[in-house]
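Data file: entry_13.csv. Format and content: CSV, C-alpha atoms and all ligand atoms.
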chain,number,residue,atom,x,y,z
A,101,VAL,CA,-3.1,-28.8,-14.1
A,102,LYS,CA,-3.4,-25.2,-13.0
A,103,VAL,CA,-6.1,-23.2,-14.7
A,104,GLY,CA,-5.6,-19.5,-14.6
A,105,CYS,CA,-6.3,-16.3,-16.5
A,106,GLU,CA,-5.4,-17.8,-19.9
A,107,ALA,CA,-8.5,-20.0,-19.6
A,108,LEU,CA,-11.0,-17.1,-19.6
A,109,SER,CA,-11.7,-17.1,-23.3
A,110,PRO,CA,-12.0,-20.9,-23.7
A,111,PHE,CA,-14.2,-20.9,-20.6
A,112,ALA,CA,-16.5,-18.3,-22.1
A,113,ASP,CA,-16.7,-20.2,-25.3
A,114,GLY,CA,-17.6,-23.4,-23.5
A,115,GLN,CA,-14.4,-25.2,-24.7
A,116,LEU,CA,-13.1,-26.4,-21.4
A,117,ASP,CA,-13.9,-29.9,-20.2
A,118,GLU,CA,-15.8,-30.3,-17.0
A,119,PRO,CA,-12.8,-30.6,-14.6
A,120,ALA,CA,-11.0,-27.6,-16.2
A,121,ALA,CA,-14.2,-25.5,-16.1
A,122,LEU,CA,-14.6,-26.2,-12.4
A,123,ARG,CA,-11.0,-25.3,-11.7
A,124,PHE,CA,-11.5,-22.1,-13.7
A,125,GLU,CA,-14.6,-21.2,-11.7
A,126,GLN,CA,-12.5,-21.4,-8.6
A,127,HIS,CA,-10.0,-19.1,-10.2
A,128,LEU,CA,-12.8,-16.8,-11.3
A,129,ALA,CA,-14.0,-16.4,-7.7
A,130,LEU,CA,-10.5,-15.1,-6.7
A,131,CYS,CA,-9.6,-13.1,-9.8
A,132,PRO,CA,-11.4,-9.8,-10.2
A,133,GLN,CA,-9.8,-9.3,-13.7
A,134,CYS,CA,-11.3,-12.5,-15.0
A,135,ALA,CA,-14.7,-11.8,-13.4
A,136,ARG,CA,-14.7,-8.4,-15.1
A,137,GLY,CA,-13.4,-9.9,-18.3
A,138,LEU,CA,-16.1,-12.6,-18.3
A,139,GLY,CA,-18.7,-9.9,-17.8
A,140,GLU,CA,-17.4,-7.9,-20.8
A,141,ILE,CA,-17.4,-11.0,-23.0
A,142,LEU,CA,-20.9,-11.9,-22.0
A,143,VAL,CA,-22.2,-8.4,-22.6
A,144,LEU,CA,-20.6,-8.2,-26.0
A,145,ASP,CA,-21.8,-11.7,-26.9
A,146,ASP,CA,-25.3,-10.6,-26.0
A,147,LEU,CA,-25.0,-7.4,-28.1
A,148,VAL,CA,-23.8,-9.5,-31.0
A,149,ALA,CA,-26.7,-12.0,-30.5
A,150,ARG,CA,-29.2,-9.1,-30.6
A,151,HIS,CA,-27.8,-8.0,-33.9
A,152,ALA,CA,-27.6,-11.5,-35.3
A,153,ASP,CA,-28.0,-10.3,-38.9
A,154,ARG,CA,-24.5,-8.9,-38.7
A,155,PRO,CA,-21.5,-11.3,-39.1
A,156,ARG,CA,-20.6,-12.7,-35.7
A,157,ARG,CA,-17.1,-11.8,-34.7
A,158,ARG,CA,-15.2,-11.9,-31.5
A,159,ALA,CA,-14.0,-8.4,-31.1
A,160,TRP,CA,-14.5,-8.2,-27.3
A,161,ARG,CA,-11.1,-6.9,-26.7
A,162,GLY,CA,-11.7,-3.9,-28.9
A,163,PRO,CA,-12.5,-0.4,-27.5
A,164,ALA,CA,-15.6,-2.1,-26.0
A,165,ALA,CA,-18.2,0.5,-25.4
A,166,ILE,CA,-18.8,-0.8,-21.9
A,167,GLY,CA,-21.0,1.6,-20.0
A,168,ALA,CA,-19.8,3.2,-16.8
A,169,VAL,CA,-22.1,1.1,-14.7
A,170,LEU,CA,-22.0,-2.3,-16.3
A,171,LEU,CA,-24.6,-4.6,-14.9
A,172,VAL,CA,-23.6,-8.0,-16.0
A,173,ALA,CA,-27.0,-9.3,-14.8
A,174,ALA,CA,-28.7,-8.6,-18.0
A,175,THR,CA,-26.6,-11.2,-19.8
A,176,VAL,CA,-26.2,-13.6,-17.0
A,177,LEU,CA,-28.6,-16.0,-18.5
A,178,LEU,CA,-26.0,-16.8,-21.1
A,179,PHE,CA,-23.5,-17.4,-18.3
A,180,LEU,CA,-25.9,-19.7,-16.5
A,181,ARG,CA,-26.5,-21.7,-19.7
A,182,ARG,CA,-22.8,-22.2,-20.1
A,183,ALA,CA,-21.9,-22.8,-16.5
A,184,PRO,CA,-24.9,-24.7,-14.9
A,185,GLU,CA,-22.8,-25.8,-11.9
A,186,ALA,CA,-21.4,-22.4,-11.1
A,187,ARG,CA,-20.4,-21.9,-7.5
A,188,PRO,CA,-22.1,-19.2,-5.5
A,189,GLU,CA,-18.9,-17.1,-5.4
A,190,VAL,CA,-18.9,-17.0,-9.2
A,191,LEU,CA,-22.6,-16.1,-9.3
A,192,VAL,CA,-22.1,-13.3,-6.9
A,193,ALA,CA,-19.0,-12.1,-8.8
A,194,SER,CA,-21.2,-12.0,-11.9
A,195,LEU,CA,-23.6,-9.6,-10.2
A,196,VAL,CA,-20.9,-7.1,-9.1
A,197,PRO,CA,-20.9,-4.0,-11.4
A,198,SER,CA,-17.5,-3.8,-13.0
A,199,GLU,CA,-16.8,-0.1,-12.9
A,200,LEU,CA,-18.5,1.5,-9.9
A,201,ARG,CA,-19.9,0.4,-6.6
A,202,GLY,CA,-23.3,1.4,-5.4
A,203,SER,CA,-22.6,1.3,-1.7
A,204,GLU,CA,-20.0,3.0,0.4
A,205,ALA,CA,-19.9,0.2,2.9
A,206,ARG,CA,-17.7,-2.9,2.3
A,207,LEU,CA,-18.6,-6.5,2.4
A,208,SER,CA,-16.2,-9.1,3.8
A,209,TYR,CA,-17.6,-11.6,1.3
A,210,GLY,CA,-14.5,-11.7,-1.1
A,211,PRO,CA,-16.0,-11.6,-4.6
A,212,ALA,CA,-18.0,-8.5,-3.6
A,213,ASP,CA,-15.1,-6.6,-2.0
A,214,VAL,CA,-13.1,-5.4,-5.1
A,215,HIS,CA,-12.4,-1.6,-4.9
A,216,ARG,CA,-14.3,0.4,-7.5
A,217,PRO,CA,-15.1,4.1,-7.1
A,218,PHE,CA,-18.3,4.8,-5.2
A,219,ALA,CA,-21.2,6.2,-7.1
A,220,PRO,CA,-24.7,5.9,-5.7
A,221,LEU,CA,-26.9,4.2,-8.3
A,222,ARG,CA,-30.3,5.5,-9.0
A,223,GLY,CA,-33.1,3.4,-7.7
A,224,GLY,CA,-34.1,0.5,-9.9
A,225,ALA,CA,-30.9,0.7,-11.9
A,226,ARG,CA,-29.5,-2.3,-10.2
A,227,ALA,CA,-31.8,-5.3,-10.0
A,228,ALA,CA,-32.8,-6.0,-13.5
A,229,GLY,CA,-33.1,-8.7,-16.1
A,230,GLY,CA,-31.4,-11.9,-15.3
A,231,SER,CA,-30.3,-10.9,-11.8
A,232,VAL,CA,-33.5,-12.3,-10.3
A,233,GLN,CA,-32.7,-15.7,-11.7
A,234,VAL,CA,-29.1,-15.4,-10.4
A,235,LEU,CA,-30.4,-14.6,-7.0
A,236,GLY,CA,-32.6,-17.7,-7.1
A,237,ARG,CA,-29.7,-19.8,-8.1
A,238,ILE,CA,-27.6,-18.5,-5.3
A,239,GLU,CA,-30.4,-19.1,-2.8
A,240,GLU,CA,-30.7,-22.6,-4.0
A,241,THR,CA,-27.1,-23.3,-3.0
A,242,GLY,CA,-28.2,-22.7,0.6
A,243,ASP,CA,-25.1,-20.4,1.0
A,244,ARG,CA,-26.6,-17.5,3.1
A,245,ARG,CA,-23.4,-15.4,3.0
A,246,ALA,CA,-23.4,-15.5,-0.7
A,247,THR,CA,-27.2,-14.8,-0.8
A,248,ALA,CA,-26.8,-11.9,1.5
A,249,ALA,CA,-23.9,-10.5,-0.7
A,250,ALA,CA,-26.0,-10.8,-3.8
A,251,TYR,CA,-28.9,-8.9,-2.2
A,252,PHE,CA,-26.5,-6.3,-1.0
A,253,VAL,CA,-24.9,-5.9,-4.4
A,254,LEU,CA,-28.3,-5.6,-6.0
A,255,GLY,CA,-29.3,-2.8,-3.7
A,256,MET,CA,-31.5,-4.8,-1.3
A,257,PRO,CA,-29.9,-4.3,2.1
A,258,ALA,CA,-32.9,-5.2,4.1
A,259,GLN,CA,-33.1,-8.7,2.5
A,260,ALA,CA,-29.3,-9.0,3.0
A,261,GLU,CA,-29.7,-8.2,6.7
A,262,VAL,CA,-32.4,-10.9,7.2
A,263,GLN,CA,-30.1,-13.6,5.7
A,264,LEU,CA,-27.1,-12.5,7.8
A,265,ALA,CA,-29.1,-12.3,11.0
A,266,LEU,CA,-29.7,-16.1,10.7
A,267,LEU,CA,-26.0,-17.0,10.6
A,268,PRO,CA,-23.8,-17.8,13.5
A,269,GLU,CA,-21.9,-14.7,14.7
A,270,SER,CA,-18.4,-14.1,13.3
A,271,ALA,CA,-16.5,-10.9,12.6
A,272,ASP,CA,-17.3,-11.3,8.8
A,273,VAL,CA,-21.0,-11.8,9.4
A,274,LEU,CA,-21.2,-8.9,11.9
A,275,SER,CA,-19.4,-6.6,9.5
A,276,ASP,CA,-21.6,-7.5,6.5
A,277,ARG,CA,-24.7,-7.1,8.6
A,278,ALA,CA,-23.5,-3.6,9.7
A,279,ALA,CA,-22.9,-2.7,6.0
A,280,ALA,CA,-26.5,-3.6,5.3
A,281,LEU,CA,-27.7,-1.5,8.4
A,282,LEU,CA,-25.6,1.4,7.2
A,283,GLU,CA,-27.4,1.3,3.9
A,284,LEU,CA,-30.7,1.3,5.8
A,285,GLY,CA,-29.6,4.4,7.8
A,286,ARG,CA,-29.3,2.5,11.1
A,287,GLY,CA,-25.9,3.9,12.1
A,288,LEU,CA,-26.2,3.2,15.8
A,289,ASP,CA,-27.1,-0.5,15.3
A,290,ALA,CA,-24.3,-0.8,12.7
A,291,LEU,CA,-21.8,0.7,15.1
A,292,ALA,CA,-22.7,-1.8,17.9
A,293,LEU,CA,-22.2,-4.8,15.5
A,294,LEU,CA,-18.9,-3.4,14.3
A,295,GLU,CA,-17.5,-2.9,17.8
A,296,ARG,CA,-18.4,-6.5,18.4
A,297,ALA,CA,-16.8,-7.6,15.1
A,298,LEU,CA,-13.6,-5.8,16.0
A,299,ARG,CA,-13.5,-7.3,19.5
A,300,LEU,CA,-13.8,-10.8,17.8
A,301,GLN,CA,-11.1,-9.9,15.2
A,302,PRO,CA,-9.1,-6.7,15.9
A,303,GLY,CA,-8.1,-4.9,12.8
A,304,HIS,CA,-10.8,-6.6,10.6
A,305,ARG,CA,-10.5,-4.7,7.4
A,306,GLN,CA,-14.1,-4.3,6.3
A,307,ALA,CA,-15.3,-3.8,9.8
A,308,SER,CA,-12.8,-1.0,10.3
A,309,TRP,CA,-13.9,0.6,7.1
A,310,ASN,CA,-17.6,0.3,8.0
A,311,ARG,CA,-17.0,1.6,11.5
A,312,ALA,CA,-15.5,4.8,10.1
A,313,LEU,CA,-18.6,5.2,7.9
A,314,ALA,CA,-20.9,4.5,11.0
A,315,LEU,CA,-19.0,7.2,13.0
A,316,ARG,CA,-19.4,9.7,10.2
A,317,ALA,CA,-23.1,8.8,9.8
A,318,LEU,CA,-23.6,9.5,13.5
A,319,GLY,CA,-22.0,12.9,13.2
A,320,ARG,CA,-18.9,11.8,15.1
A,321,ARG,CA,-16.7,13.6,12.6
A,322,GLY,CA,-13.4,13.8,14.5
A,323,GLU,CA,-13.4,10.1,15.3
A,324,ALA,CA,-14.5,9.2,11.7
A,325,GLY,CA,-11.7,11.4,10.3
A,326,ARG,CA,-9.1,9.7,12.4
A,327,ALA,CA,-10.5,6.2,11.5
A,328,PHE,CA,-10.3,7.0,7.8
A,329,LEU,CA,-6.7,8.4,8.2
A,330,ALA,CA,-5.7,5.1,9.8
A,331,LEU,CA,-7.3,3.2,6.9
A,332,ALA,CA,-5.4,5.4,4.4
A,333,VAL,CA,-2.2,3.9,5.9
A,334,SER,CA,-3.3,0.3,6.4
A,335,GLU,CA,-5.4,-0.3,3.2
A,336,GLY,CA,-4.2,-1.2,-0.2
A,337,PRO,CA,-4.6,0.8,-3.5
A,338,GLY,CA,-8.0,2.1,-4.2
A,339,TRP,CA,-9.3,1.9,-0.6
A,340,ALA,CA,-6.4,3.9,0.7
A,341,GLU,CA,-7.0,6.8,-1.6
A,342,GLU,CA,-10.7,6.8,-1.0
A,343,ALA,CA,-10.1,6.7,2.8
A,344,ARG,CA,-7.7,9.7,2.5
A,345,ALA,CA,-10.3,11.7,0.5
A,346,LYS,CA,-13.0,10.8,3.1
A,347,ALA,CA,-10.6,12.0,5.9
A,348,ARG,CA,-10.0,15.2,4.0
A,349,ASP,CA,-13.7,15.8,3.7
A,350,LEU,CA,-14.1,15.4,7.5
A,351,GLU,CA,-11.4,18.0,8.4
A,352,PRO,CA,-12.8,20.9,10.4
A,401,ZN,ZN,-7.7,-14.5,-13.8

Encoded form (structure tokens):
Amino acid sequence: VKVGCEALSPFADGQLDEPAALRFEQHLALCPQCARGLGEILVLDDLVARHADRPRRRAWRGPAAIGAVLLVAATVLLFLRRAPEARPEVLVASLVPSELRGSEARLSYGPADVHRPFAPLRGGARAAGGSVQVLGRIEETGDRRATAAAYFVLGMPAQAEVQLALLPESADVLSDRAAALLELGRGLDALALLERALRLQPGHRQASWNRALALRALGRRGEAGRAFLALAVSEGPGWAEEARAKARDLEP
């Protein structure tokens, strides 16, 4: 039996049996809409729970006053209670802010690479509440790529880099490491890793993106502008527009 988007609400309500819940978690890791939807449900459930004197109703599809930067982490405890066997991909997806992204660089770790407009978050605005527990859960799985992605998403690139440095070299790992180095202001080191990633896998999407950022960070504006123009052609919706805008900003 295929379990798709229609299972979101029953999953959030804990109404799916074990096999169906596991299949939905697999869907969740690949479906940004459902990951976002689950976040909204959990946030609203939490709000309702905090005002328990009011009658409980499921109005989560309403005009939902979801803040611009919605950190699901604060309500992730609810999620963990309901889905104790959550896969690392699902846990990482639950940490990804739904509306904005806090880093310009891209991760090749799938659940963290959904396009959202870039807006630097103020320090401390990211890692809060249940996110520490979620990090612990992800680390327990022993999945270093997921752990690194979680650190990165939570605004802790140095810790992400440590995890990635322990992994065997691949284009994905090199590109994600470079993303962390870019966040740390280490453009030259990032560029070296990205050139290596692109030799291993020419045209690697996130490495190409991060390379353009590295060139820009190093003041190589002409090369950066051309790299972003190429991405404006090759990338899908969201990323393409952002690449075009970045190329425009780099015009002499
Ligand atoms: Zn879905």

Please, which residues have at least one atom within 8 Å of an atom of ligand ZN 401 (chain A), using only C-alpha atoms and all ligand atoms, listed as a PyMOL selection string? chain A and resi 104-106+108+127-128+130-135

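If all atoms listed in the file are the atoms counted, then among A:Glu342, A:Glu204, A:Glu240, A:Asp272 the closest residue to Ala314 (chain A) is A:Glu204.
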
Please tabulate, as JSON lines, the residues of region 200-292 of chain A that come within 7 Å of region 190-193 of chain A, each with its closest pair of atoms and the distance in Å to one decimal, counting all atoms listed in the file and ordering rows by chain, then residue number upward.
{"residue": "A:Pro211", "atom": "CA", "partner": "A:Ala193", "partner_atom": "CA", "distance": 5.2}
{"residue": "A:Ala212", "atom": "CA", "partner": "A:Ala193", "partner_atom": "CA", "distance": 6.4}
{"residue": "A:Val234", "atom": "CA", "partner": "A:Leu191", "partner_atom": "CA", "distance": 6.6}
{"residue": "A:Ile238", "atom": "CA", "partner": "A:Leu191", "partner_atom": "CA", "distance": 6.8}
{"residue": "A:Ala246", "atom": "CA", "partner": "A:Val192", "partner_atom": "CA", "distance": 6.7}
{"residue": "A:Ala250", "atom": "CA", "partner": "A:Val192", "partner_atom": "CA", "distance": 5.6}

CA of Glu118 (chain A) sits from CA of Arg237 (chain A) at a separation of 19.6 Å

Please list as a PDB file with C-alpha atoms, in the coordinates of the input every residue within 9 Å of Ser270 (chain A), counting all atoms listed in the file and excluding residues in the same chain fewer than 6 positions away.
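The resulting part.pdb:
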ATOM      1  CA  ALA A 297     -16.800  -7.600  15.100  1.00  0.00           C
ATOM      2  CA  LEU A 300     -13.800 -10.800  17.800  1.00  0.00           C
ATOM      3  CA  GLN A 301     -11.100  -9.900  15.200  1.00  0.00           C
TER       4      GLN A 301
END

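Distances to Val273 (chain A) were evaluated for A:Thr241, A:Gln115, A:Ser208, A:Ser231 using all atoms listed in the file, and the minimum falls at A:Ser208.
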
Please return, as a count of residues only, all polymer residues that have at least one atom within 12 Å of the point (-12.6, -21.9, -21.9); use all atoms listed in the file and the file's own coordinate frame. 29

So, with only C-alpha atoms as the atoms that count, which of A:Val214, A:Gly287, A:Leu235, A:Leu281 lies closest to Arg316 (chain A)? A:Gly287

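Between CA of Glu295 (chain A) and CA of Glu323 (chain A) lies a distance of 13.9 Å.
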
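Note that CA of Ala278 (chain A) and CA of Met256 (chain A) are 13.7 Å apart.
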
Show me, as an mmCIF file with C-alpha atoms, in the frame of the given file, the residues that have an atom within 6 Å of region 259-265 of chain A when counting only C-alpha atoms, minus same-chain residues fewer than 6 positions from it.
data_model
loop_
_atom_site.group_PDB
_atom_site.id
_atom_site.type_symbol
_atom_site.label_atom_id
_atom_site.label_comp_id
_atom_site.auth_asym_id
_atom_site.auth_seq_id
_atom_site.Cartn_x
_atom_site.Cartn_y
_atom_site.Cartn_z
ATOM 1 C CA ARG A 244 -26.600 -17.500 3.100
ATOM 2 C CA ALA A 248 -26.800 -11.900 1.500
ATOM 3 C CA TYR A 251 -28.900 -8.900 -2.200
ATOM 4 C CA PHE A 252 -26.500 -6.300 -1.000
ATOM 5 C CA ARG A 277 -24.700 -7.100 8.600
ATOM 6 C CA ALA A 280 -26.500 -3.600 5.300
#

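Between Gly322 (chain A) and the candidates A:Glu283, A:Glu189, A:Glu239, A:Asp349, the tightest atom-to-atom separation, counting all atoms listed in the file, involves A:Asp349.
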
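Compared by their closest atoms to Leu195 (chain A), and using all atoms listed in the file, the residues A:Leu294, A:Leu254, A:Pro337, A:Thr247 rank with A:Leu254 nearest.
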
So that I can check the surroundings of region 305-309 of chain A, please list as a ChimeraX atom specification every protein, DNA and RNA residue that reaches within 7 Å of it, counting all atoms listed in the file and ignoring chain neighbours fewer than 2 positions away. /A:206-208,275,294,297-298,303,311-313

Would you mind telling me which residue in A:His304, A:Ala249, A:Gly242, A:Gln126 lies nearest to Ser334 (chain A) when using all atoms listed in the file? A:His304

Just the residues within 9 Å of Arg344 (chain A), please, counting all atoms listed in the file, with nothing from its chain fewer than 2 positions along; format it as an mmCIF file with C-alpha atoms, in the coordinates of the input.
data_model
loop_
_atom_site.group_PDB
_atom_site.id
_atom_site.type_symbol
_atom_site.label_atom_id
_atom_site.label_comp_id
_atom_site.auth_asym_id
_atom_site.auth_seq_id
_atom_site.Cartn_x
_atom_site.Cartn_y
_atom_site.Cartn_z
ATOM 1 C CA GLY A 325 -11.700 11.400 10.300
ATOM 2 C CA PHE A 328 -10.300 7.000 7.800
ATOM 3 C CA LEU A 329 -6.700 8.400 8.200
ATOM 4 C CA ALA A 330 -5.700 5.100 9.800
ATOM 5 C CA LEU A 331 -7.300 3.200 6.900
ATOM 6 C CA ALA A 332 -5.400 5.400 4.400
ATOM 7 C CA VAL A 333 -2.200 3.900 5.900
ATOM 8 C CA TRP A 339 -9.300 1.900 -0.600
ATOM 9 C CA ALA A 340 -6.400 3.900 0.700
ATOM 10 C CA GLU A 341 -7.000 6.800 -1.600
ATOM 11 C CA GLU A 342 -10.700 6.800 -1.000
ATOM 12 C CA LYS A 346 -13.000 10.800 3.100
ATOM 13 C CA ALA A 347 -10.600 12.000 5.900
ATOM 14 C CA ARG A 348 -10.000 15.200 4.000
ATOM 15 C CA ASP A 349 -13.700 15.800 3.700
#
